[in-house]
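The data block below is run.cif; it holds mmCIF, C-alpha atoms.
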```
data_run
loop_
_atom_site.label_atom_id
_atom_site.label_comp_id
_atom_site.auth_asym_id
_atom_site.auth_seq_id
_atom_site.Cartn_x
_atom_site.Cartn_y
_atom_site.Cartn_z
CA MET A 265 -0.78 4.81 -20.81
CA VAL A 266 0.27 1.93 -18.57
CA ALA A 267 3.05 2.94 -16.15
CA LYS A 268 6.23 0.87 -16.25
CA LEU A 269 6.80 -0.75 -12.90
CA ASN A 270 9.96 -1.47 -10.96
CA SER A 271 10.27 -4.75 -9.02
CA GLN A 272 10.92 -3.01 -5.67
CA TRP A 273 7.99 -0.64 -6.26
CA ILE A 274 5.79 -3.71 -6.73
CA VAL A 275 7.07 -5.25 -3.48
CA GLY A 276 6.31 -2.03 -1.58
CA PHE A 277 2.88 -1.72 -3.17
CA VAL A 278 2.01 -5.35 -2.41
CA ASP A 279 3.33 -5.03 1.18
CA GLY A 280 0.68 -2.33 1.50
CA GLU A 281 -2.14 -3.40 -0.77
CA GLY A 282 -1.74 -7.03 -1.77
CA CYS A 283 -3.73 -9.97 -0.45
CA PHE A 284 -2.79 -13.64 -0.64
CA TYR A 285 -5.83 -15.77 0.07
CA VAL A 286 -6.87 -19.39 -0.32
CA GLY A 287 -10.62 -19.87 -0.53
CA VAL A 288 -12.43 -23.14 0.17
CA ILE A 289 -15.53 -23.23 -2.00
CA LYS A 290 -18.34 -25.81 -2.16
CA ASN A 291 -18.18 -27.52 -5.54
CA LYS A 292 -20.17 -30.74 -6.15
CA THR A 293 -18.06 -31.65 -9.17
CA MET A 294 -14.93 -32.06 -6.99
CA THR A 295 -14.05 -35.39 -5.33
CA ASN A 296 -14.21 -33.91 -1.81
CA GLY A 297 -17.20 -31.65 -2.51
CA TYR A 298 -14.96 -28.62 -2.12
CA GLN A 299 -12.59 -26.69 -4.33
CA ILE A 300 -9.42 -25.07 -2.97
CA GLN A 301 -8.89 -21.77 -4.75
CA PRO A 302 -5.74 -19.68 -4.26
CA GLU A 303 -6.11 -16.00 -5.13
CA PHE A 304 -3.75 -13.05 -5.20
CA THR A 305 -5.52 -9.71 -5.28
CA VAL A 306 -4.56 -6.05 -5.28
CA VAL A 307 -7.47 -3.65 -4.74
CA GLN A 308 -7.49 0.07 -5.60
CA HIS A 309 -9.99 2.88 -5.85
CA LYS A 310 -10.93 3.38 -9.51
CA ARG A 311 -8.86 6.58 -9.59
CA ASP A 312 -5.77 4.32 -9.72
CA ILE A 313 -7.09 1.57 -11.98
CA GLN A 314 -4.09 2.24 -14.26
CA LEU A 315 -1.82 0.80 -11.54
CA LEU A 316 -3.82 -2.44 -11.66
CA HIS A 317 -3.44 -2.58 -15.44
CA ALA A 318 0.27 -1.90 -15.03
CA LEU A 319 0.54 -4.89 -12.63
CA LYS A 320 -1.39 -7.07 -15.06
CA ALA A 321 0.95 -5.99 -17.88
CA TYR A 322 4.08 -6.54 -15.77
CA PHE A 323 3.14 -10.10 -14.78
CA ASN A 324 1.20 -10.81 -17.96
CA CYS A 325 -1.51 -12.68 -16.08
CA GLY A 326 -4.70 -12.16 -14.09
CA SER A 327 -7.52 -9.77 -14.81
CA VAL A 328 -8.75 -6.34 -13.72
CA THR A 329 -12.39 -6.34 -12.59
CA VAL A 330 -14.76 -4.52 -10.24
CA ASN A 331 -14.18 -5.42 -6.59
CA HIS A 332 -16.92 -3.45 -4.84
CA GLY A 333 -18.47 -0.07 -5.65
CA ASP A 334 -15.71 2.31 -6.73
CA ARG A 335 -13.00 -0.24 -6.03
CA TYR A 336 -11.30 -2.40 -8.64
CA GLN A 337 -9.03 -5.39 -8.32
CA TRP A 338 -6.26 -7.09 -10.21
CA ARG A 339 -6.70 -10.76 -9.43
CA VAL A 340 -4.73 -13.89 -10.30
CA LYS A 341 -6.45 -17.25 -9.76
CA ASN A 342 -4.63 -19.67 -12.06
CA LEU A 343 -2.38 -22.17 -10.28
CA ASP A 344 0.14 -22.32 -13.12
CA ASN A 345 0.46 -18.53 -13.03
CA PHE A 346 1.25 -18.74 -9.32
CA VAL A 347 3.81 -21.50 -9.78
CA ASN A 348 5.48 -20.02 -12.85
CA ILE A 349 5.17 -16.24 -12.36
CA ILE A 350 3.92 -14.86 -9.02
CA ILE A 351 5.75 -17.20 -6.64
CA PRO A 352 9.17 -16.92 -8.38
CA PHE A 353 8.82 -13.11 -8.36
CA PHE A 354 8.23 -12.90 -4.60
CA GLU A 355 10.88 -15.54 -3.91
CA LYS A 356 13.36 -13.28 -5.65
CA HIS A 357 11.99 -9.97 -4.31
CA LYS A 358 11.18 -10.46 -0.63
CA LEU A 359 8.17 -8.79 0.96
CA LYS A 360 9.18 -6.81 4.05
CA GLY A 361 6.00 -6.89 6.15
CA LYS A 362 3.93 -9.71 7.64
CA ARG A 363 2.58 -10.10 4.12
CA GLY A 364 5.84 -11.99 3.50
CA ILE A 365 4.84 -14.69 6.01
CA GLU A 366 1.42 -14.95 4.37
CA PHE A 367 3.14 -15.29 1.01
CA GLN A 368 5.27 -18.19 2.34
CA ARG A 369 2.12 -19.98 3.56
CA PHE A 370 0.34 -19.26 0.28
CA ARG A 371 3.37 -20.51 -1.67
CA GLU A 372 3.40 -23.77 0.29
CA ILE A 373 -0.28 -24.44 -0.47
CA CYS A 374 0.19 -23.66 -4.18
CA LEU A 375 3.18 -26.00 -4.45
CA LEU A 376 1.30 -28.80 -2.63
CA MET A 377 -1.60 -28.28 -5.04
CA LYS A 378 0.73 -28.32 -8.03
CA SER A 379 2.01 -31.72 -6.84
CA GLY A 380 -1.60 -32.96 -6.66
CA TYR A 381 -1.35 -33.60 -2.90
CA HIS A 382 -4.68 -31.87 -2.24
CA LEU A 383 -6.40 -34.57 -4.31
CA THR A 384 -5.59 -37.20 -1.65
CA PRO A 385 -7.83 -37.28 1.46
CA ASP A 386 -4.95 -36.44 3.82
CA GLY A 387 -3.55 -33.78 1.51
CA PHE A 388 -6.96 -32.19 1.15
CA GLU A 389 -7.37 -31.85 4.93
CA ILE A 390 -3.85 -30.47 5.31
CA CYS A 391 -4.36 -27.88 2.56
CA ILE A 392 -7.68 -26.78 4.09
CA GLU A 393 -6.02 -26.38 7.49
CA LYS A 394 -3.14 -24.37 6.00
CA ALA A 395 -5.63 -22.18 4.11
CA LYS A 396 -7.50 -21.42 7.35
CA ASN A 397 -4.27 -20.37 9.05
CA LEU A 398 -2.83 -18.23 6.28
CA ARG A 399 -3.55 -14.83 7.84
CA VAL A 400 -1.04 -13.27 10.26
CA LYS A 401 -3.22 -11.59 12.87
CA SER A 402 -0.61 -9.78 14.96
CA MET B 1048 15.26 -5.33 14.03
CA VAL B 1049 14.37 -2.45 11.72
CA ALA B 1050 14.20 -3.53 8.05
CA LYS B 1051 16.42 -1.64 5.62
CA LEU B 1052 14.29 0.02 2.99
CA ASN B 1053 14.84 0.61 -0.70
CA SER B 1054 13.72 3.92 -2.27
CA GLN B 1055 11.47 2.23 -4.86
CA TRP B 1056 9.94 0.01 -2.19
CA ILE B 1057 9.08 3.18 -0.26
CA VAL B 1058 7.47 4.74 -3.35
CA GLY B 1059 5.34 1.63 -3.91
CA PHE B 1060 4.37 1.46 -0.25
CA VAL B 1061 3.44 5.16 -0.16
CA ASP B 1062 1.50 4.86 -3.43
CA GLY B 1063 -0.59 2.33 -1.56
CA GLU B 1064 -0.60 3.48 2.04
CA GLY B 1065 0.64 7.07 2.27
CA CYS B 1066 -1.47 10.16 2.89
CA PHE B 1067 -0.53 13.77 2.19
CA TYR B 1068 -2.88 16.08 4.02
CA VAL B 1069 -3.03 19.74 4.99
CA GLY B 1070 -5.23 20.45 7.98
CA VAL B 1071 -6.73 23.82 8.84
CA ILE B 1072 -7.04 24.03 12.61
CA LYS B 1073 -8.55 26.75 14.81
CA ASN B 1074 -5.76 28.37 16.82
CA LYS B 1075 -6.36 31.67 18.63
CA THR B 1076 -2.65 32.39 18.91
CA MET B 1077 -2.33 32.65 15.10
CA THR B 1078 -2.84 35.98 13.26
CA ASN B 1079 -5.74 34.62 11.19
CA GLY B 1080 -7.22 32.53 14.00
CA TYR B 1081 -6.28 29.36 12.10
CA GLN B 1082 -3.18 27.25 11.74
CA ILE B 1083 -2.30 25.49 8.50
CA GLN B 1084 -0.79 22.10 9.30
CA PRO B 1085 0.73 19.85 6.62
CA GLU B 1086 0.97 16.18 7.54
CA PHE B 1087 2.34 13.11 5.87
CA THR B 1088 1.09 9.86 7.36
CA VAL B 1089 1.49 6.16 6.73
CA VAL B 1090 -0.90 3.94 8.68
CA GLN B 1091 -0.47 0.20 9.34
CA HIS B 1092 -2.02 -2.47 11.49
CA LYS B 1093 0.17 -3.03 14.56
CA ARG B 1094 1.37 -6.34 13.10
CA ASP B 1095 3.56 -4.27 10.75
CA ILE B 1096 4.60 -1.50 13.14
CA GLN B 1097 8.25 -2.40 12.31
CA LEU B 1098 7.67 -1.01 8.79
CA LEU B 1099 6.68 2.34 10.32
CA HIS B 1100 9.84 2.36 12.44
CA ALA B 1101 11.84 1.49 9.32
CA LEU B 1102 10.34 4.51 7.52
CA LYS B 1103 11.11 6.74 10.49
CA ALA B 1104 14.70 5.46 10.53
CA TYR B 1105 15.11 5.87 6.76
CA PHE B 1106 13.94 9.50 6.75
CA ASN B 1107 15.19 10.23 10.26
CA CYS B 1108 12.11 12.31 11.08
CA GLY B 1109 8.52 12.02 12.27
CA SER B 1110 7.15 9.77 14.98
CA VAL B 1111 5.33 6.45 15.32
CA THR B 1112 2.15 6.68 17.40
CA VAL B 1113 -1.27 5.06 17.77
CA ASN B 1114 -3.66 6.02 14.96
CA HIS B 1115 -6.86 4.25 16.02
CA GLY B 1116 -7.41 0.94 17.82
CA ASP B 1117 -4.95 -1.61 16.44
CA ARG B 1118 -3.63 0.80 13.84
CA TYR B 1119 -0.41 2.78 14.14
CA GLN B 1120 0.96 5.67 12.11
CA TRP B 1121 4.28 7.14 11.14
CA ARG B 1122 3.59 10.86 10.88
CA VAL B 1123 5.68 13.86 9.86
CA LYS B 1124 4.38 17.32 10.73
CA ASN B 1125 7.43 19.56 10.75
CA LEU B 1126 7.65 21.98 7.81
CA ASP B 1127 11.44 21.92 7.68
CA ASN B 1128 11.37 18.12 7.48
CA PHE B 1129 9.02 18.39 4.50
CA VAL B 1130 11.16 20.98 2.75
CA ASN B 1131 14.50 19.31 3.46
CA ILE B 1132 13.72 15.58 3.49
CA ILE B 1133 10.28 14.36 2.35
CA ILE B 1134 9.75 16.66 -0.66
CA PRO B 1135 13.24 16.13 -2.15
CA PHE B 1136 12.78 12.36 -1.80
CA PHE B 1137 9.50 12.29 -3.75
CA GLU B 1138 10.80 14.79 -6.29
CA LYS B 1139 13.60 12.33 -7.03
CA HIS B 1140 11.50 9.15 -6.74
CA LYS B 1141 8.18 9.78 -8.47
CA LEU B 1142 4.95 8.34 -7.13
CA LYS B 1143 3.11 6.40 -9.84
CA GLY B 1144 -0.53 6.70 -8.74
CA LYS B 1145 -2.85 9.66 -8.17
CA ARG B 1146 -0.97 10.04 -4.88
CA GLY B 1147 1.69 11.73 -7.05
CA ILE B 1148 -0.73 14.55 -7.94
CA GLU B 1149 -1.63 14.95 -4.28
CA PHE B 1150 2.08 15.11 -3.46
CA GLN B 1151 2.57 17.92 -6.02
CA ARG B 1152 -0.26 19.92 -4.44
CA PHE B 1153 1.07 19.21 -0.97
CA ARG B 1154 4.57 20.24 -2.06
CA GLU B 1155 3.28 23.54 -3.43
CA ILE B 1156 1.56 24.40 -0.12
CA CYS B 1157 4.68 23.50 1.90
CA LEU B 1158 6.91 25.66 -0.29
CA LEU B 1159 4.48 28.60 -0.07
CA MET B 1160 4.46 28.19 3.69
CA LYS B 1161 8.24 28.00 3.82
CA SER B 1162 8.34 31.35 1.98
CA GLY B 1163 5.99 32.80 4.62
CA TYR B 1164 3.29 33.54 2.00
CA HIS B 1165 0.55 32.02 4.21
CA LEU B 1166 1.23 34.74 6.78
CA THR B 1167 -0.16 37.41 4.38
CA PRO B 1168 -3.99 37.71 4.11
CA ASP B 1169 -4.01 36.75 0.39
CA GLY B 1170 -1.49 33.97 0.88
CA PHE B 1171 -3.48 32.57 3.77
CA GLU B 1172 -6.67 32.35 1.67
CA ILE B 1173 -4.81 30.77 -1.23
CA CYS B 1174 -3.16 28.16 0.99
CA ILE B 1175 -6.52 27.29 2.59
CA GLU B 1176 -8.10 26.88 -0.86
CA LYS B 1177 -5.24 24.67 -2.05
CA ALA B 1178 -5.49 22.59 1.12
CA LYS B 1179 -9.23 22.02 0.50
CA ASN B 1180 -8.53 20.82 -3.04
CA LEU B 1181 -5.63 18.53 -2.33
CA ARG B 1182 -7.47 15.22 -2.66
CA VAL B 1183 -7.81 13.59 -6.11
CA LYS B 1184 -11.30 12.11 -6.06
CA SER B 1185 -11.35 10.20 -9.36
#
```
Translate the structure of the given file into C-alpha cells.
Amino acid sequence: MVAKLNSQWIVGFVDGEGCFYVGVIKNKTMTNGYQIQPEFTVVQHKRDIQLLHALKAYFNCGSVTVNHGDRYQWRVKNLDNFVNIIIPFFEKHKLKGKRGIEFQRFREICLLMKSGYHLTPDGFEICIEKAKNLRVKS
Amino acid sequence: MVAKLNSQWIVGFVDGEGCFYVGVIKNKTMTNGYQIQPEFTVVQHKRDIQLLHALKAYFNCGSVTVNHGDRYQWRVKNLDNFVNIIIPFFEKHKLKGKRGIEFQRFREICLLMKSGYHLTPDGFEICIEKAKNLRVKS
C-alpha cells in the first residue's frame, strides 16, 4: 500500500533527504556540445522504497529506480514537471534548511531553461555557471 | 533565528534523518555491570545546525553537540524526556517509514525501563535482547 503523504511531511523529508542538482552532460547532438539536465532526487534504502512510490504518486511524475546497491531513488528529470509541479509545490511549502537556498537556485535555472535562454550562447554560459554554484557548502 | 517547526515537518525530517538507538554500555557501578542507554539522535551537516536548534527548542529537551567532523547532532538521552515528550509526540504523529517500527521497539524498551523492569535479572536480559533487535534491516 502506498502511504498518503502530507505536504509538510514532504517538506521535512526533502529537507533531510532531497537533492536538487543540475548536471552538465556532454551531448554531441546539442548546439553547444553539452546538455543541461536538472534533476530532483530522493534516495532511500530499499527498506523504505514505499516512501519513494508514495512521493511518485503524490506528485504524479518521476520514476523509482535503483540508485546504488541497496539504495533506491525517486527521480524527476522532466523540465515541464519541474515548472508545473515540483517548483510550484516548494514555492508554496517552503523548505526550512539550506536545501531551500539550493531549491531557489535550481528553480532559477529551470525557469531560464523553460524560457529557452540556455539555447543562446550567453544564456548557456550563465546556466552552466549557476549549475556549478548550486550547492550550499556551509 | 530559530525556525518554527510544524509537527508533520518534524515527522518527515525524522523519517529521513532520525535515529532511535538503545546502547548497552559497560558500567561497573550498575548492578548488572552494564547500563542500558536509549538515545534519539538527528544528525546534520553544520550548514543546517539551525534545524537542530529548532528541534531542541520545539521539544525543549536534549542538546546540540558535534557528532563527527562537520556533522552536528541533536541528541536526547534522558528517560523522562522520552516518556513525557518524545514518545507522546510520535504516538500522536506517526512516522511513515520503517523508522516507525524502530520507534515502536524503542518506545517499548523505554516504557519497560520506566517501570524499572530492566533492574530485574529477567527484565535486564529482555531489554538487552530488544535493544539488539531494534534496527529494521529490510
Which residues come within 10 Å of A:Asn331, counting only C-alpha atoms, excluding same-chain residues fewer than 3 positions away, as an NGL selection string?
-> :A and (305-310 or 328 or 334-339)
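Neighbouring residues of stretch 1127-1134 of chain B at 8 Å or closer, counting all atoms listed in the file and skipping chain neighbours under 4 positions away, are B:Phe1106, B:Cys1108, B:Val1123, B:Glu1138, B:Arg1154, B:Cys1157, B:Leu1158, B:Lys1161.
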Can you work out which residues from chain B touch chain A at a cut-off of 12 Å (counting all atoms listed in the file) and hand them back as a compact mmCIF listing (two decimals) with C-alpha atoms, in the frame of the given file?
```txt
# COMPACT_ATOMS: atom_id res chain seq x y z
CA MET B 1048 15.26 -5.33 14.03
CA VAL B 1049 14.37 -2.45 11.72
CA ALA B 1050 14.20 -3.53 8.05
CA LYS B 1051 16.42 -1.64 5.62
CA LEU B 1052 14.29 0.02 2.99
CA ASN B 1053 14.84 0.61 -0.70
CA SER B 1054 13.72 3.92 -2.27
CA GLN B 1055 11.47 2.23 -4.86
CA TRP B 1056 9.94 0.01 -2.19
CA ILE B 1057 9.08 3.18 -0.26
CA VAL B 1058 7.47 4.74 -3.35
CA GLY B 1059 5.34 1.63 -3.91
CA PHE B 1060 4.37 1.46 -0.25
CA VAL B 1061 3.44 5.16 -0.16
CA ASP B 1062 1.50 4.86 -3.43
CA GLY B 1063 -0.59 2.33 -1.56
CA GLU B 1064 -0.60 3.48 2.04
CA GLY B 1065 0.64 7.07 2.27
CA VAL B 1089 1.49 6.16 6.73
CA VAL B 1090 -0.90 3.94 8.68
CA GLN B 1091 -0.47 0.20 9.34
CA HIS B 1092 -2.02 -2.47 11.49
CA LYS B 1093 0.17 -3.03 14.56
CA ARG B 1094 1.37 -6.34 13.10
CA ASP B 1095 3.56 -4.27 10.75
CA ILE B 1096 4.60 -1.50 13.14
CA GLN B 1097 8.25 -2.40 12.31
CA LEU B 1098 7.67 -1.01 8.79
CA LEU B 1099 6.68 2.34 10.32
CA HIS B 1100 9.84 2.36 12.44
CA ALA B 1101 11.84 1.49 9.32
CA LEU B 1102 10.34 4.51 7.52
CA ASP B 1117 -4.95 -1.61 16.44
CA ARG B 1118 -3.63 0.80 13.84
CA HIS B 1140 11.50 9.15 -6.74
CA LYS B 1141 8.18 9.78 -8.47
CA LEU B 1142 4.95 8.34 -7.13
CA LYS B 1143 3.11 6.40 -9.84
CA GLY B 1144 -0.53 6.70 -8.74
CA LYS B 1145 -2.85 9.66 -8.17
CA ARG B 1146 -0.97 10.04 -4.88
CA GLY B 1147 1.69 11.73 -7.05
CA ILE B 1148 -0.73 14.55 -7.94
CA ARG B 1182 -7.47 15.22 -2.66
CA VAL B 1183 -7.81 13.59 -6.11
CA LYS B 1184 -11.30 12.11 -6.06
CA SER B 1185 -11.35 10.20 -9.36
```
With all Cα atoms paired residue by residue, do a least-squares superposition of chain B on chain A and hand back the transformed coordinates as an mmCIF file with C-alpha atoms, in the frame of the given file.
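Output saved as result.cif:
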```cif
data_model
loop_
_atom_site.group_PDB
_atom_site.id
_atom_site.type_symbol
_atom_site.label_atom_id
_atom_site.label_comp_id
_atom_site.auth_asym_id
_atom_site.auth_seq_id
_atom_site.Cartn_x
_atom_site.Cartn_y
_atom_site.Cartn_z
ATOM 1 C CA MET B 1048 -0.777 4.823 -20.847
ATOM 2 C CA VAL B 1049 0.271 1.938 -18.610
ATOM 3 C CA ALA B 1050 3.047 2.929 -16.165
ATOM 4 C CA LYS B 1051 6.222 0.853 -16.271
ATOM 5 C CA LEU B 1052 6.796 -0.752 -12.909
ATOM 6 C CA ASN B 1053 9.951 -1.469 -10.960
ATOM 7 C CA SER B 1054 10.259 -4.751 -9.007
ATOM 8 C CA GLN B 1055 10.915 -3.004 -5.668
ATOM 9 C CA TRP B 1056 8.013 -0.631 -6.256
ATOM 10 C CA ILE B 1057 5.802 -3.695 -6.741
ATOM 11 C CA VAL B 1058 7.066 -5.242 -3.487
ATOM 12 C CA GLY B 1059 6.317 -2.031 -1.575
ATOM 13 C CA PHE B 1060 2.894 -1.710 -3.170
ATOM 14 C CA VAL B 1061 2.024 -5.348 -2.412
ATOM 15 C CA ASP B 1062 3.321 -5.024 1.159
ATOM 16 C CA GLY B 1063 0.696 -2.331 1.505
ATOM 17 C CA GLU B 1064 -2.145 -3.383 -0.754
ATOM 18 C CA GLY B 1065 -1.736 -7.031 -1.758
ATOM 19 C CA CYS B 1066 -3.730 -9.978 -0.447
ATOM 20 C CA PHE B 1067 -2.798 -13.653 -0.626
ATOM 21 C CA TYR B 1068 -5.832 -15.777 0.076
ATOM 22 C CA VAL B 1069 -6.880 -19.395 -0.329
ATOM 23 C CA GLY B 1070 -10.621 -19.900 -0.526
ATOM 24 C CA VAL B 1071 -12.428 -23.156 0.170
ATOM 25 C CA ILE B 1072 -15.537 -23.248 -1.993
ATOM 26 C CA LYS B 1073 -18.344 -25.819 -2.162
ATOM 27 C CA ASN B 1074 -18.207 -27.542 -5.547
ATOM 28 C CA LYS B 1075 -20.167 -30.754 -6.152
ATOM 29 C CA THR B 1076 -18.062 -31.676 -9.165
ATOM 30 C CA MET B 1077 -14.943 -32.054 -6.972
ATOM 31 C CA THR B 1078 -14.040 -35.397 -5.315
ATOM 32 C CA ASN B 1079 -14.216 -33.929 -1.800
ATOM 33 C CA GLY B 1080 -17.202 -31.685 -2.512
ATOM 34 C CA TYR B 1081 -14.962 -28.624 -2.108
ATOM 35 C CA GLN B 1082 -12.593 -26.704 -4.319
ATOM 36 C CA ILE B 1083 -9.441 -25.083 -2.976
ATOM 37 C CA GLN B 1084 -8.904 -21.765 -4.740
ATOM 38 C CA PRO B 1085 -5.748 -19.676 -4.259
ATOM 39 C CA GLU B 1086 -6.095 -16.003 -5.130
ATOM 40 C CA PHE B 1087 -3.765 -13.061 -5.201
ATOM 41 C CA THR B 1088 -5.523 -9.707 -5.278
ATOM 42 C CA VAL B 1089 -4.574 -6.053 -5.284
ATOM 43 C CA VAL B 1090 -7.470 -3.651 -4.750
ATOM 44 C CA GLN B 1091 -7.492 0.075 -5.603
ATOM 45 C CA HIS B 1092 -9.982 2.884 -5.855
ATOM 46 C CA LYS B 1093 -10.918 3.400 -9.515
ATOM 47 C CA ARG B 1094 -8.844 6.596 -9.596
ATOM 48 C CA ASP B 1095 -5.760 4.344 -9.724
ATOM 49 C CA ILE B 1096 -7.093 1.583 -11.975
ATOM 50 C CA GLN B 1097 -4.081 2.252 -14.277
ATOM 51 C CA LEU B 1098 -1.821 0.805 -11.546
ATOM 52 C CA LEU B 1099 -3.817 -2.442 -11.671
ATOM 53 C CA HIS B 1100 -3.438 -2.586 -15.455
ATOM 54 C CA ALA B 1101 0.284 -1.913 -15.025
ATOM 55 C CA LEU B 1102 0.543 -4.889 -12.640
ATOM 56 C CA LYS B 1103 -1.377 -7.081 -15.068
ATOM 57 C CA ALA B 1104 0.949 -6.006 -17.890
ATOM 58 C CA TYR B 1105 4.087 -6.538 -15.788
ATOM 59 C CA PHE B 1106 3.145 -10.095 -14.783
ATOM 60 C CA ASN B 1107 1.199 -10.802 -17.966
ATOM 61 C CA CYS B 1108 -1.510 -12.681 -16.064
ATOM 62 C CA GLY B 1109 -4.694 -12.156 -14.070
ATOM 63 C CA SER B 1110 -7.523 -9.761 -14.807
ATOM 64 C CA VAL B 1111 -8.755 -6.335 -13.713
ATOM 65 C CA THR B 1112 -12.392 -6.329 -12.589
ATOM 66 C CA VAL B 1113 -14.761 -4.508 -10.238
ATOM 67 C CA ASN B 1114 -14.175 -5.404 -6.580
ATOM 68 C CA HIS B 1115 -16.927 -3.428 -4.842
ATOM 69 C CA GLY B 1116 -18.474 -0.046 -5.658
ATOM 70 C CA ASP B 1117 -15.703 2.323 -6.738
ATOM 71 C CA ARG B 1118 -12.999 -0.226 -6.029
ATOM 72 C CA TYR B 1119 -11.293 -2.377 -8.644
ATOM 73 C CA GLN B 1120 -9.023 -5.393 -8.324
ATOM 74 C CA TRP B 1121 -6.247 -7.074 -10.219
ATOM 75 C CA ARG B 1122 -6.696 -10.755 -9.421
ATOM 76 C CA VAL B 1123 -4.751 -13.894 -10.297
ATOM 77 C CA LYS B 1124 -6.443 -17.251 -9.759
ATOM 78 C CA ASN B 1125 -4.645 -19.659 -12.057
ATOM 79 C CA LEU B 1126 -2.380 -22.164 -10.284
ATOM 80 C CA ASP B 1127 0.136 -22.324 -13.118
ATOM 81 C CA ASN B 1128 0.460 -18.532 -13.039
ATOM 82 C CA PHE B 1129 1.242 -18.747 -9.322
ATOM 83 C CA VAL B 1130 3.803 -21.499 -9.781
ATOM 84 C CA ASN B 1131 5.477 -20.004 -12.849
ATOM 85 C CA ILE B 1132 5.169 -16.236 -12.369
ATOM 86 C CA ILE B 1133 3.925 -14.853 -9.028
ATOM 87 C CA ILE B 1134 5.773 -17.197 -6.636
ATOM 88 C CA PRO B 1135 9.171 -16.906 -8.384
ATOM 89 C CA PHE B 1136 8.822 -13.108 -8.356
ATOM 90 C CA PHE B 1137 8.239 -12.903 -4.590
ATOM 91 C CA GLU B 1138 10.878 -15.539 -3.901
ATOM 92 C CA LYS B 1139 13.369 -13.262 -5.649
ATOM 93 C CA HIS B 1140 11.989 -9.962 -4.304
ATOM 94 C CA LYS B 1141 11.171 -10.447 -0.629
ATOM 95 C CA LEU B 1142 8.167 -8.791 0.961
ATOM 96 C CA LYS B 1143 9.190 -6.821 4.054
ATOM 97 C CA GLY B 1144 6.010 -6.884 6.160
ATOM 98 C CA LYS B 1145 3.928 -9.692 7.661
ATOM 99 C CA ARG B 1146 2.572 -10.091 4.125
ATOM 100 C CA GLY B 1147 5.839 -11.986 3.510
ATOM 101 C CA ILE B 1148 4.824 -14.687 6.016
ATOM 102 C CA GLU B 1149 1.413 -14.938 4.382
ATOM 103 C CA PHE B 1150 3.134 -15.288 1.009
ATOM 104 C CA GLN B 1151 5.256 -18.187 2.343
ATOM 105 C CA ARG B 1152 2.127 -19.981 3.565
ATOM 106 C CA PHE B 1153 0.344 -19.256 0.308
ATOM 107 C CA ARG B 1154 3.351 -20.512 -1.661
ATOM 108 C CA GLU B 1155 3.398 -23.768 0.295
ATOM 109 C CA ILE B 1156 -0.292 -24.442 -0.472
ATOM 110 C CA CYS B 1157 0.191 -23.668 -4.186
ATOM 111 C CA LEU B 1158 3.172 -26.008 -4.445
ATOM 112 C CA LEU B 1159 1.290 -28.798 -2.636
ATOM 113 C CA MET B 1160 -1.592 -28.289 -5.032
ATOM 114 C CA LYS B 1161 0.725 -28.311 -8.028
ATOM 115 C CA SER B 1162 2.014 -31.709 -6.840
ATOM 116 C CA GLY B 1163 -1.594 -32.953 -6.678
ATOM 117 C CA TYR B 1164 -1.339 -33.606 -2.909
ATOM 118 C CA HIS B 1165 -4.697 -31.875 -2.253
ATOM 119 C CA LEU B 1166 -6.395 -34.561 -4.343
ATOM 120 C CA THR B 1167 -5.584 -37.210 -1.670
ATOM 121 C CA PRO B 1168 -7.831 -37.299 1.457
ATOM 122 C CA ASP B 1169 -4.928 -36.437 3.821
ATOM 123 C CA GLY B 1170 -3.543 -33.793 1.495
ATOM 124 C CA PHE B 1171 -6.954 -32.207 1.143
ATOM 125 C CA GLU B 1172 -7.356 -31.861 4.931
ATOM 126 C CA ILE B 1173 -3.852 -30.466 5.309
ATOM 127 C CA CYS B 1174 -4.362 -27.897 2.552
ATOM 128 C CA ILE B 1175 -7.682 -26.795 4.092
ATOM 129 C CA GLU B 1176 -6.011 -26.387 7.499
ATOM 130 C CA LYS B 1177 -3.150 -24.375 5.999
ATOM 131 C CA ALA B 1178 -5.630 -22.202 4.111
ATOM 132 C CA LYS B 1179 -7.501 -21.436 7.368
ATOM 133 C CA ASN B 1180 -4.264 -20.372 9.057
ATOM 134 C CA LEU B 1181 -2.836 -18.232 6.311
ATOM 135 C CA ARG B 1182 -3.565 -14.833 7.848
ATOM 136 C CA VAL B 1183 -1.036 -13.278 10.268
ATOM 137 C CA LYS B 1184 -3.211 -11.601 12.881
ATOM 138 C CA SER B 1185 -0.597 -9.778 14.974
#
```
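Within the 8 Å cut-off around A:Ile373, using only C-alpha atoms and omitting residues fewer than 2 positions from it on the same chain, the listed residues are Arg369, Phe370, Arg371, Leu375, Leu376, Met377, Cys391, Lys394 and Ala395 of chain A.
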Mind dumping the selected residues with C-alpha atoms as a short mmCIF file (atom, residue, chain, number, x, y, z; two decimals), keeping the file's coordinate frame?
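Saved as out.cif:
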```
data_model
loop_
_atom_site.label_atom_id
_atom_site.label_comp_id
_atom_site.auth_asym_id
_atom_site.auth_seq_id
_atom_site.Cartn_x
_atom_site.Cartn_y
_atom_site.Cartn_z
CA ARG A 369 2.12 -19.98 3.56
CA PHE A 370 0.34 -19.26 0.28
CA ARG A 371 3.37 -20.51 -1.67
CA LEU A 375 3.18 -26.00 -4.45
CA LEU A 376 1.30 -28.80 -2.63
CA MET A 377 -1.60 -28.28 -5.04
CA CYS A 391 -4.36 -27.88 2.56
CA LYS A 394 -3.14 -24.37 6.00
CA ALA A 395 -5.63 -22.18 4.11
#
```
Padded axis-aligned box of stretch 345-349 of chain A (4 Å per side), centre and edge lengths, Å, one decimal, as lines of an AutoDock Vina configuration file:
```
center_x = 3.0
center_y = -18.9
center_z = -11.2
size_x = 13.0
size_y = 13.3
size_z = 11.7
```
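Here atom CA of B:Asn1125 is placed at a distance of 15.4 Å from atom CA of B:Thr1112.
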Between B:Tyr1081, B:Glu1086, B:Leu1181, B:Asn1107, which has the minimum distance to B:Pro1168 (counting all atoms listed in the file)?
-> B:Tyr1081
